[in-house]
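Engineer: My structure is stored as work.cif, with mmCIF, C-alpha atoms.
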data_entry
loop_
_atom_site.label_atom_id
_atom_site.label_comp_id
_atom_site.auth_asym_id
_atom_site.auth_seq_id
_atom_site.Cartn_x
_atom_site.Cartn_y
_atom_site.Cartn_z
CA MET W 1 13.19 -32.96 10.18
CA ALA W 2 10.82 -30.08 9.47
CA LYS W 3 12.33 -26.71 8.61
CA GLN W 4 12.69 -24.58 11.74
CA GLY W 5 10.73 -21.37 12.16
CA ILE W 6 12.48 -18.08 12.84
CA LEU W 7 12.47 -16.01 16.04
CA ILE W 8 12.10 -12.34 15.15
CA VAL W 9 13.10 -10.00 17.96
CA LEU W 10 11.74 -6.47 17.59
CA SER W 11 13.40 -3.89 19.76
CA GLY W 12 14.16 -0.20 19.85
CA PRO W 13 13.83 2.90 21.97
CA SER W 14 10.52 3.64 23.66
CA GLY W 15 8.29 5.53 21.24
CA ALA W 16 9.94 4.12 18.08
CA GLY W 17 6.72 2.21 17.38
CA LYS W 18 7.75 -1.43 17.82
CA GLY W 19 4.40 -2.33 19.42
CA THR W 20 2.35 -0.96 16.52
CA ILE W 21 4.60 -2.68 13.97
CA CYS W 22 4.35 -5.95 15.90
CA GLN W 23 0.54 -5.74 15.84
CA GLU W 24 0.57 -5.01 12.10
CA LEU W 25 2.80 -8.05 11.46
CA LEU W 26 0.52 -10.32 13.49
CA ARG W 27 -2.60 -8.90 11.81
CA SER W 28 -1.30 -9.42 8.27
CA ASP W 29 0.22 -12.87 8.82
CA PRO W 30 -2.04 -15.34 10.66
CA ASP W 31 0.81 -17.90 10.69
CA LEU W 32 3.03 -15.62 12.75
CA ASN W 33 2.98 -16.27 16.49
CA TYR W 34 3.47 -13.86 19.36
CA SER W 35 5.81 -14.77 22.16
CA ILE W 36 3.93 -14.60 25.45
CA SER W 37 5.98 -13.39 28.40
CA ALA W 38 5.89 -14.91 31.87
CA THR W 39 5.34 -12.53 34.77
CA THR W 40 4.96 -12.63 38.54
CA ARG W 41 2.69 -9.61 38.59
CA LEU W 42 -1.02 -10.18 39.19
CA ALA W 43 -3.36 -10.33 36.20
CA ARG W 44 -5.34 -7.14 35.63
CA VAL W 45 -9.05 -7.26 34.92
CA GLY W 46 -9.61 -8.76 31.47
CA GLU W 47 -6.10 -10.22 31.18
CA GLN W 48 -5.95 -13.95 30.49
CA ASN W 49 -3.29 -16.49 31.35
CA GLY W 50 -1.62 -17.74 28.15
CA VAL W 51 -3.00 -14.83 26.14
CA ASN W 52 -1.59 -11.63 27.65
CA TYR W 53 1.00 -13.28 29.89
CA TRP W 54 1.80 -16.52 31.61
CA PHE W 55 0.98 -15.52 35.18
CA ILE W 56 3.25 -17.46 37.51
CA SER W 57 4.45 -17.26 41.12
CA GLN W 58 7.81 -15.86 42.25
CA VAL W 59 8.88 -19.39 43.21
CA GLU W 60 8.08 -20.70 39.72
CA PHE W 61 9.89 -17.74 38.14
CA GLN W 62 13.01 -18.30 40.25
CA LYS W 63 12.95 -21.98 39.26
CA MET W 64 12.81 -20.99 35.57
CA ILE W 65 15.84 -18.70 36.06
CA THR W 66 17.76 -21.48 37.83
CA ASN W 67 16.91 -24.03 35.12
CA ASP W 68 17.86 -21.60 32.31
CA GLU W 69 14.31 -21.77 30.99
CA LEU W 70 14.17 -18.06 30.19
CA LEU W 71 15.74 -16.47 27.12
CA GLU W 72 15.82 -13.19 29.02
CA TRP W 73 14.33 -11.75 32.19
CA ALA W 74 14.15 -8.50 34.11
CA LYS W 75 12.76 -7.14 37.35
CA VAL W 76 10.60 -4.06 36.85
CA TYR W 77 9.03 -2.25 39.84
CA GLY W 78 9.28 -5.37 42.00
CA ASN W 79 7.76 -7.76 39.44
CA PHE W 80 9.61 -10.25 37.28
CA TYR W 81 9.07 -10.49 33.53
CA GLY W 82 10.71 -13.04 31.23
CA THR W 83 10.60 -14.93 27.94
CA PRO W 84 10.08 -18.68 28.38
CA ARG W 85 12.31 -20.69 26.05
CA HIS W 86 9.98 -23.72 25.88
CA HIS W 87 6.96 -21.92 24.38
CA ILE W 88 9.10 -20.39 21.61
CA ALA W 89 10.98 -23.64 20.90
CA THR W 90 7.71 -25.57 20.45
CA ILE W 91 6.46 -23.11 17.82
CA LEU W 92 9.82 -22.88 16.00
CA ASN W 93 10.10 -26.68 15.89
CA SER W 94 6.72 -26.83 14.17
CA GLY W 95 8.22 -24.65 11.41
CA LYS W 96 6.32 -21.51 12.35
CA ASP W 97 7.80 -18.11 13.14
CA VAL W 98 7.59 -16.21 16.42
CA VAL W 99 7.77 -12.47 16.92
CA LEU W 100 8.90 -10.97 20.21
CA GLU W 101 8.77 -7.31 21.22
CA ILE W 102 11.29 -6.33 23.84
CA ASP W 103 13.52 -3.56 25.17
CA THR W 104 17.18 -3.17 24.27
CA GLN W 105 18.54 -5.00 27.33
CA GLY W 106 16.21 -7.98 26.78
CA ALA W 107 17.18 -8.19 23.10
CA THR W 108 20.87 -8.27 24.02
CA GLN W 109 20.25 -11.15 26.45
CA ILE W 110 18.28 -13.07 23.80
CA LYS W 111 20.96 -12.64 21.13
CA LYS W 112 23.49 -14.21 23.52
CA LYS W 113 21.29 -17.19 24.44
CA PHE W 114 19.68 -17.67 21.05
CA PRO W 115 22.06 -16.34 18.35
CA GLN W 116 19.93 -17.74 15.52
CA GLY W 117 17.24 -15.22 16.51
CA VAL W 118 16.89 -12.33 14.09
CA CYS W 119 17.25 -9.06 15.99
CA ILE W 120 15.67 -6.04 14.36
CA TYR W 121 16.13 -2.56 15.75
CA ILE W 122 13.21 -0.22 15.10
CA VAL W 123 14.29 3.41 15.03
CA PRO W 124 12.40 6.67 14.57
CA PRO W 125 13.25 8.73 11.46
CA SER W 126 14.81 11.32 13.79
CA LEU W 127 14.99 12.13 17.50
CA ASP W 128 12.83 15.20 16.83
CA GLU W 129 10.16 12.87 15.43
CA LEU W 130 10.54 10.57 18.46
CA ALA W 131 9.95 13.56 20.76
CA LYS W 132 6.79 14.45 18.79
CA ARG W 133 5.47 10.89 19.05
CA ILE W 134 6.04 10.66 22.79
CA GLN W 135 4.40 14.08 23.29
CA LYS W 136 1.43 13.01 21.11
CA ARG W 137 0.85 9.96 23.31
CA GLY W 138 0.24 12.47 26.10
CA THR W 139 1.19 10.03 28.87
CA ASP W 140 4.55 11.55 29.76
CA SER W 141 5.50 14.70 31.63
CA LEU W 142 8.05 17.05 30.05
CA GLU W 143 10.65 15.66 32.46
CA ASN W 144 9.82 12.11 31.39
CA ILE W 145 10.05 13.01 27.72
CA LYS W 146 13.52 14.45 28.29
CA THR W 147 14.56 11.26 30.11
CA ARG W 148 13.15 9.08 27.31
CA LEU W 149 14.97 11.05 24.63
CA SER W 150 18.23 10.96 26.51
CA SER W 151 17.79 7.22 27.03
CA ALA W 152 16.95 6.78 23.31
CA ASN W 153 20.15 8.57 22.45
CA VAL W 154 22.14 6.11 24.56
CA GLU W 155 20.15 3.06 23.36
CA LEU W 156 20.64 3.90 19.69
CA LYS W 157 24.34 3.31 20.20
CA TYR W 158 23.55 -0.36 20.88
CA VAL W 159 22.29 -0.79 17.32
CA HIS W 160 25.51 -2.64 16.47
CA ASN W 161 24.31 -5.58 18.59
CA TYR W 162 21.47 -6.09 16.12
CA ASP W 163 21.23 -7.74 12.71
CA TYR W 164 18.96 -5.21 11.03
CA VAL W 165 17.77 -1.68 11.50
CA VAL W 166 14.36 -0.55 10.24
CA VAL W 167 13.43 3.12 10.20
CA ASN W 168 9.79 3.46 11.24
CA ASP W 169 8.76 6.37 9.07
CA GLU W 170 5.41 4.71 8.38
CA VAL W 171 4.04 1.51 9.95
CA GLN W 172 3.03 -0.28 6.72
CA SER W 173 6.37 0.41 5.09
CA ALA W 174 8.34 -0.66 8.19
CA ALA W 175 6.24 -3.86 8.49
CA ALA W 176 6.86 -4.61 4.79
CA LYS W 177 10.60 -4.35 5.37
CA ILE W 178 10.39 -6.78 8.29
CA LYS W 179 8.42 -9.22 6.14
CA ALA W 180 11.19 -8.97 3.52
CA ILE W 181 13.78 -9.63 6.24
CA ILE W 182 11.89 -12.80 7.27
CA ILE W 183 11.79 -14.04 3.64
CA ALA W 184 15.50 -13.25 3.18
CA GLU W 185 16.48 -14.97 6.43
CA LYS W 186 14.64 -18.09 5.27
CA CYS W 187 16.85 -18.02 2.16
CA GLN W 188 20.12 -17.80 4.10
CA VAL W 189 22.43 -20.68 3.22
CA GLY W 190 22.86 -21.70 6.87
CA ARG W 191 19.10 -22.22 7.19
CA ASN W 192 18.89 -24.35 4.02
CA ILE W 193 21.31 -27.20 4.60
CA ILE W 194 18.46 -29.72 4.48
CA THR W 195 17.05 -28.22 1.26
CA ILE W 196 20.44 -28.59 -0.43
CA GLU W 197 20.88 -32.13 0.85
CA ASN W 198 17.45 -33.05 -0.49
CA ILE W 199 18.31 -31.67 -3.93
CA LEU W 200 21.63 -33.49 -3.96
CA SER W 201 20.17 -36.78 -2.77
CA ASN W 202 17.80 -36.73 -5.72
CA VAL W 203 20.62 -37.60 -8.12
CA LYS W 204 21.08 -40.94 -6.39
CA LYS W 205 17.57 -42.07 -7.32
CA MET N 206 27.92 10.62 1.22
CA ALA N 207 25.04 8.96 -0.63
CA LYS N 208 23.99 5.48 0.45
CA GLN N 209 25.79 2.84 -1.59
CA GLY N 210 23.90 0.52 -3.92
CA ILE N 211 24.17 -3.24 -3.62
CA LEU N 212 25.87 -5.68 -5.98
CA ILE N 213 23.67 -8.76 -6.38
CA VAL N 214 25.51 -11.76 -7.77
CA LEU N 215 23.22 -14.43 -9.22
CA SER N 216 24.84 -17.78 -9.75
CA GLY N 217 23.98 -21.45 -9.88
CA PRO N 218 24.30 -24.55 -12.01
CA SER N 219 23.56 -24.34 -15.72
CA GLY N 220 19.82 -24.84 -16.25
CA ALA N 221 18.81 -23.56 -12.80
CA GLY N 222 17.25 -20.53 -14.48
CA LYS N 223 19.46 -17.66 -13.32
CA GLY N 224 19.22 -15.91 -16.70
CA THR N 225 15.39 -15.90 -16.72
CA ILE N 226 15.27 -14.68 -13.11
CA CYS N 227 17.79 -11.94 -13.90
CA GLN N 228 15.65 -10.75 -16.83
CA GLU N 229 12.54 -10.77 -14.62
CA LEU N 230 14.33 -8.67 -11.97
CA LEU N 231 15.49 -6.13 -14.56
CA ARG N 232 12.03 -6.00 -16.16
CA SER N 233 10.21 -5.37 -12.89
CA ASP N 234 12.69 -2.86 -11.45
CA PRO N 235 13.77 -0.11 -13.87
CA ASP N 236 16.24 1.19 -11.26
CA LEU N 237 18.17 -2.06 -11.24
CA ASN N 238 21.24 -2.11 -13.47
CA TYR N 239 22.83 -5.00 -15.31
CA SER N 240 26.56 -5.53 -15.09
CA ILE N 241 28.00 -5.59 -18.59
CA SER N 242 30.93 -7.95 -19.09
CA ALA N 243 34.07 -7.14 -21.02
CA THR N 244 35.17 -9.63 -23.68
CA THR N 245 37.88 -10.07 -26.27
CA ARG N 246 35.62 -12.00 -28.62
CA LEU N 247 34.30 -10.24 -31.72
CA ALA N 248 30.83 -8.70 -31.63
CA ARG N 249 28.19 -10.80 -33.38
CA VAL N 250 25.71 -9.21 -35.76
CA GLY N 251 23.31 -7.03 -33.76
CA GLU N 252 25.47 -6.93 -30.63
CA GLN N 253 26.37 -3.46 -29.40
CA ASN N 254 29.35 -2.25 -27.42
CA GLY N 255 28.23 -1.16 -23.93
CA VAL N 256 24.92 -2.97 -24.29
CA ASN N 257 25.67 -6.67 -24.73
CA TYR N 258 29.36 -6.50 -23.84
CA TRP N 259 32.27 -4.13 -23.68
CA PHE N 260 34.22 -5.37 -26.71
CA ILE N 261 37.92 -4.83 -26.07
CA SER N 262 41.25 -6.08 -27.41
CA GLN N 263 43.40 -8.78 -25.80
CA VAL N 264 45.99 -6.11 -24.93
CA GLU N 265 43.35 -4.01 -23.15
CA PHE N 266 42.03 -7.09 -21.33
CA GLN N 267 45.52 -8.09 -20.13
CA LYS N 268 46.04 -4.52 -18.91
CA MET N 269 42.80 -4.73 -16.91
CA ILE N 270 43.96 -8.00 -15.31
CA THR N 271 47.35 -6.48 -14.42
CA ASN N 272 45.74 -3.35 -12.93
CA ASP N 273 43.23 -5.43 -10.92
CA GLU N 274 40.38 -3.75 -12.78
CA LEU N 275 38.33 -6.96 -13.08
CA LEU N 276 36.25 -8.45 -10.26
CA GLU N 277 36.58 -11.82 -11.99
CA TRP N 278 37.68 -13.14 -15.35
CA ALA N 279 37.89 -16.40 -17.26
CA LYS N 280 39.15 -17.70 -20.60
CA VAL N 281 36.51 -19.66 -22.50
CA TYR N 282 37.29 -21.26 -25.89
CA GLY N 283 40.22 -18.88 -26.44
CA ASN N 284 38.30 -15.70 -25.58
CA PHE N 285 38.54 -13.70 -22.39
CA TYR N 286 35.46 -12.63 -20.41
CA GLY N 287 35.50 -10.50 -17.28
CA THR N 288 33.59 -8.15 -14.98
CA PRO N 289 35.00 -4.60 -14.96
CA ARG N 290 35.11 -3.16 -11.47
CA HIS N 291 34.83 0.49 -12.57
CA HIS N 292 31.43 0.22 -14.29
CA ILE N 293 29.90 -1.48 -11.22
CA ALA N 294 31.54 0.94 -8.75
CA THR N 295 30.14 3.98 -10.61
CA ILE N 296 26.57 2.65 -10.39
CA LEU N 297 26.89 1.55 -6.74
CA ASN N 298 28.33 4.95 -5.76
CA SER N 299 25.26 6.62 -7.26
CA GLY N 300 23.15 4.56 -4.78
CA LYS N 301 21.74 2.20 -7.40
CA ASP N 302 21.92 -1.58 -7.38
CA VAL N 303 23.62 -3.82 -9.91
CA VAL N 304 22.75 -7.40 -10.77
CA LEU N 305 25.32 -9.75 -12.20
CA GLU N 306 24.71 -13.24 -13.58
CA ILE N 307 27.71 -15.52 -13.46
CA ASP N 308 28.93 -19.10 -13.09
CA THR N 309 30.05 -20.62 -9.79
CA GLN N 310 33.77 -19.98 -10.30
CA GLY N 311 33.18 -16.32 -11.21
CA ALA N 312 30.95 -15.81 -8.17
CA THR N 313 33.67 -17.24 -5.90
CA GLN N 314 36.25 -14.81 -7.36
CA ILE N 315 33.85 -11.87 -6.89
CA LYS N 316 33.10 -12.75 -3.25
CA LYS N 317 36.83 -12.65 -2.52
CA LYS N 318 37.43 -9.30 -4.23
CA PHE N 319 34.13 -7.67 -3.26
CA PRO N 320 32.88 -9.26 -0.02
CA GLN N 321 30.06 -6.71 0.37
CA GLY N 322 28.49 -8.22 -2.77
CA VAL N 323 25.40 -10.31 -2.05
CA CYS N 324 25.88 -13.77 -3.54
CA ILE N 325 22.69 -15.68 -4.28
CA TYR N 326 22.74 -19.27 -5.43
CA ILE N 327 19.85 -20.24 -7.68
CA VAL N 328 19.06 -23.94 -7.44
CA PRO N 329 16.53 -26.15 -9.20
CA PRO N 330 13.86 -27.78 -6.99
CA SER N 331 15.54 -31.14 -7.72
CA LEU N 332 18.17 -32.61 -10.02
CA ASP N 333 15.39 -34.52 -11.83
CA GLU N 334 13.74 -31.17 -12.59
CA LEU N 335 17.09 -29.75 -13.73
CA ALA N 336 17.46 -32.68 -16.16
CA LYS N 337 13.94 -32.01 -17.52
CA ARG N 338 14.72 -28.31 -18.03
CA ILE N 339 17.97 -28.99 -19.87
CA GLN N 340 16.23 -31.59 -22.08
CA LYS N 341 13.38 -29.15 -22.78
CA ARG N 342 15.87 -26.55 -24.03
CA GLY N 343 16.77 -29.11 -26.69
CA THR N 344 20.26 -27.72 -27.24
CA ASP N 345 22.18 -30.48 -25.48
CA SER N 346 23.01 -34.05 -26.47
CA LEU N 347 22.29 -36.85 -24.00
CA GLU N 348 26.00 -36.94 -23.24
CA ASN N 349 26.03 -33.18 -22.57
CA ILE N 350 23.01 -33.46 -20.29
CA LYS N 351 24.79 -36.12 -18.24
CA THR N 352 27.89 -33.91 -17.99
CA ARG N 353 25.78 -30.90 -16.94
CA LEU N 354 23.99 -32.91 -14.25
CA SER N 355 27.21 -34.34 -12.90
CA SER N 356 28.72 -30.83 -12.88
CA ALA N 357 25.59 -29.44 -11.14
CA ASN N 358 25.99 -32.10 -8.49
CA VAL N 359 29.56 -30.94 -7.83
CA GLU N 360 28.69 -27.23 -8.08
CA LEU N 361 25.84 -27.51 -5.57
CA LYS N 362 28.41 -28.39 -2.94
CA TYR N 363 29.84 -24.87 -3.31
CA VAL N 364 26.61 -23.39 -2.00
CA HIS N 365 28.33 -22.70 1.32
CA ASN N 366 30.38 -19.96 -0.38
CA TYR N 367 27.16 -18.02 -0.93
CA ASP N 368 25.01 -15.82 1.29
CA TYR N 369 21.62 -17.01 0.14
CA VAL N 370 20.05 -19.91 -1.70
CA VAL N 371 16.86 -19.49 -3.72
CA VAL N 372 15.01 -22.50 -5.07
CA ASN N 373 13.74 -21.68 -8.55
CA ASP N 374 10.47 -23.59 -8.52
CA GLU N 375 8.76 -20.71 -10.33
CA VAL N 376 10.39 -17.59 -11.80
CA GLN N 377 8.02 -15.00 -10.24
CA SER N 378 8.32 -16.56 -6.80
CA ALA N 379 12.13 -16.83 -7.03
CA ALA N 380 12.39 -13.21 -8.24
CA ALA N 381 10.15 -12.07 -5.35
CA LYS N 382 12.51 -13.78 -2.90
CA ILE N 383 15.50 -12.01 -4.43
CA LYS N 384 13.68 -8.67 -4.16
CA ALA N 385 13.07 -9.43 -0.47
CA ILE N 386 16.78 -10.24 -0.05
CA ILE N 387 17.69 -6.85 -1.57
CA ILE N 388 15.31 -5.03 0.82
CA ALA N 389 16.66 -7.00 3.80
CA GLU N 390 20.29 -6.37 2.86
CA LYS N 391 19.55 -2.64 2.73
CA CYS N 392 18.32 -2.94 6.35
CA GLN N 393 21.48 -4.67 7.60
CA VAL N 394 23.07 -2.71 10.42
CA GLY N 395 26.46 -2.60 8.67
CA ARG N 396 24.90 -0.81 5.69
CA ASN N 397 23.13 1.78 7.88
CA ILE N 398 25.88 3.40 9.89
CA ILE N 399 25.18 6.77 8.23
CA THR N 400 21.42 6.47 8.88
CA ILE N 401 22.07 5.89 12.59
CA GLU N 402 24.57 8.74 12.76
CA ASN N 403 22.04 11.06 11.12
CA ILE N 404 19.37 10.11 13.67
CA LEU N 405 21.79 10.58 16.56
CA SER N 406 23.13 13.91 15.27
CA ASN N 407 19.57 15.23 15.30
CA VAL N 408 19.59 15.46 19.09
CA LYS N 409 22.33 18.04 18.97
CA LYS N 410 20.15 20.49 17.05
#
So, in terms of structure tokens, how does the structure I just supplied come out?

Structural biologist:
Amino acid sequence: MAKQGILIVLSGPSGAGKGTICQELLRSDPDLNYSISATTRLARVGEQNGVNYWFISQVEFQKMITNDELLEWAKVYGNFYGTPRHHIATILNSGKDVVLEIDTQGATQIKKKFPQGVCIYIVPPSLDELAKRIQKRGTDSLENIKTRLSSANVELKYVHNYDYVVVNDEVQSAAAKIKAIIIAEKCQVGRNIITIENILSNVKK
Amino acid sequence: MAKQGILIVLSGPSGAGKGTICQELLRSDPDLNYSISATTRLARVGEQNGVNYWFISQVEFQKMITNDELLEWAKVYGNFYGTPRHHIATILNSGKDVVLEIDTQGATQIKKKFPQGVCIYIVPPSLDELAKRIQKRGTDSLENIKTRLSSANVELKYVHNYDYVVVNDEVQSAAAKIKAIIIAEKCQVGRNIITIENILSNVKK
């Protein structure tokens, strides 16, 4: 049996920078795979099926929920979004790792259904810094920024559901820490039963 | 309160290369500290108190056992050897890490008394390779080599008492994995309660 890959779940409050870190991880490690979500929303111009999303019908999505084929799912503004279990399992079984970027609620669902997943919480160095980053993006009204900060304050309390916390003071440094976490996880005793058995079986030769 | 350092316990069967890896870690990280053992044996020529060992009397050693001042201890060929808790605690409280190289029994004692210690088991790539390494050292008789291999075979079954397992196929690569483990451990949620509290307290400003 080949060694299993690892599912890395990146989560954190909006504006913490999980998307940028995820892109940096994928850029610097060509062997790392990105988990593609399934959605019932229509593809936008330029979006491709199996690249940006798996675009599926509401009926198909409901069937996946019923058959427990989704590691997590949510309904956002009338559209369904979810993480198909099969796609991830195929990659992990081939010994490769998968990274998944998701909100706090999705990460909590995944940890329940797939406890061997490694859940990493990306946090800003401070809430002041988070406010600056959201303002800098320029896509949110003052009211929205307040809501995001208040929500971040609540979400940060869920950090105890995670395995690791990485402060995103600088993207390269945060990505380096996540790479170290992946190496360390691969060294965990529980993930190396086969390695040990192989070493021990050698004596019988 | 300053962030606590981490106690890294390197263990593994004789010949696995834990000593060489430990030296490599200390060489490449000047901030890493080595745990100095206490012993009742006499200092050899060139050995210095507080550098190679803490040389103490049998009475002092017994007092340390009674006062639970040792994280582990053992009697070897009539002499006592042990790991003083105080020396390690002082370094960890200053936020620096400590590395400790010890046999399987010692590591098991430490894990019980100091569960926050990170126990890493260094294993050879195979028992054949372990045999080659012991032979290459040229300090063991054929009989001794057989005993060491048989003991390694038994010891390897204790790997489940450890947190991580690192295959020492090459010293640099094994040391790099241990460095990654240290980084990852520092990101564990349980070790970052203060960081999270600091981020959250920021919102009150």

Engineer: What is the CA of Tyr363 (chain N) to CA of Thr309 (chain N) distance in Å?

Structural biologist: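 So the answer is 7.8 Å.
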
Engineer: Run the PyMOL selection byres ((chain N and resi 235-249) around 8) mentally over the shown coordinates, then write out the matched residues as number ranges by chain, using the chain letters and numbers from the document.

Structural biologist: N: 230-234, 250-263, 266, 284-289, 292-293, 296, 301-305

Engineer: Written as a PyMOL selection string, which residues does the PyMOL selection byres ((chain W) within 10 of (chain N)) give for the file shown?

Structural biologist: chain W and resi 120-121+123-129+131+149-150+152-154+156-157+159-167+176-193+195-205

Engineer: For the atom pair CA of Gln172 (chain W) and CA of Leu7 (chain W), what is the interatomic distance in Å to one decimal place?

Structural biologist: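 So the answer is 20.6 Å.
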
Engineer: Would you work out the distance separating CA of Glu24 (chain W) from CA of Lys75 (chain W), expressed in Å to one decimal?

Structural biologist: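 These atoms are spaced 28.1 Å apart.
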
Engineer: Which of these, W:Glu170, W:Glu143, W:Glu60, W:Glu155, has the shortest distance to Pro13 (chain W) once you count all atoms listed in the file?

Structural biologist: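 Among the listed residues, the smallest separation from Pro13 (chain W) belongs to W:Glu155.
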
Engineer: Could you tell me which residues the PyMOL selection byres ((chain W and resi 70) around 7) grabs in this file, written as a VMD selection string?

Structural biologist: chain W and resid 64 to 65 68 to 69 71 to 73 82 to 85

Engineer: Do you know which residues are at most 9 Å from Gly322 (chain N) counting only C-alpha atoms, after dropping those on the same chain fewer than 5 positions away, and could you put them as a PDB file with C-alpha atoms, keeping the file's coordinate frame?

Structural biologist:
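Final output, result_31.pdb:
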ATOM      1  CA  ILE N 211      24.170  -3.240  -3.620  1.00  0.00           C
ATOM      2  CA  LEU N 212      25.870  -5.680  -5.980  1.00  0.00           C
ATOM      3  CA  ILE N 213      23.670  -8.760  -6.380  1.00  0.00           C
ATOM      4  CA  VAL N 214      25.510 -11.760  -7.770  1.00  0.00           C
ATOM      5  CA  ILE N 315      33.850 -11.870  -6.890  1.00  0.00           C
ATOM      6  CA  LYS N 316      33.100 -12.750  -3.250  1.00  0.00           C
TER       7      LYS N 316
END

Engineer: For a quick check of understanding, using all atoms listed in the file, which of N:His291, N:Ser299, N:Ser378, N:Ile327 has the smallest distance to Ala312 (chain N)?

Structural biologist: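 Closest to Ala312 (chain N) of all the choices is N:Ile327.
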
Engineer: Excluding same-chain residues fewer than 6 positions from Gln340 (chain N), what lies within 10 Å of it counting only C-alpha atoms, as a list in words?

Structural biologist: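 Using only C-alpha atoms, the neighbours found are Gly220, Glu334, Ser346, Leu347, Asn349 and Ile350 of chain N.
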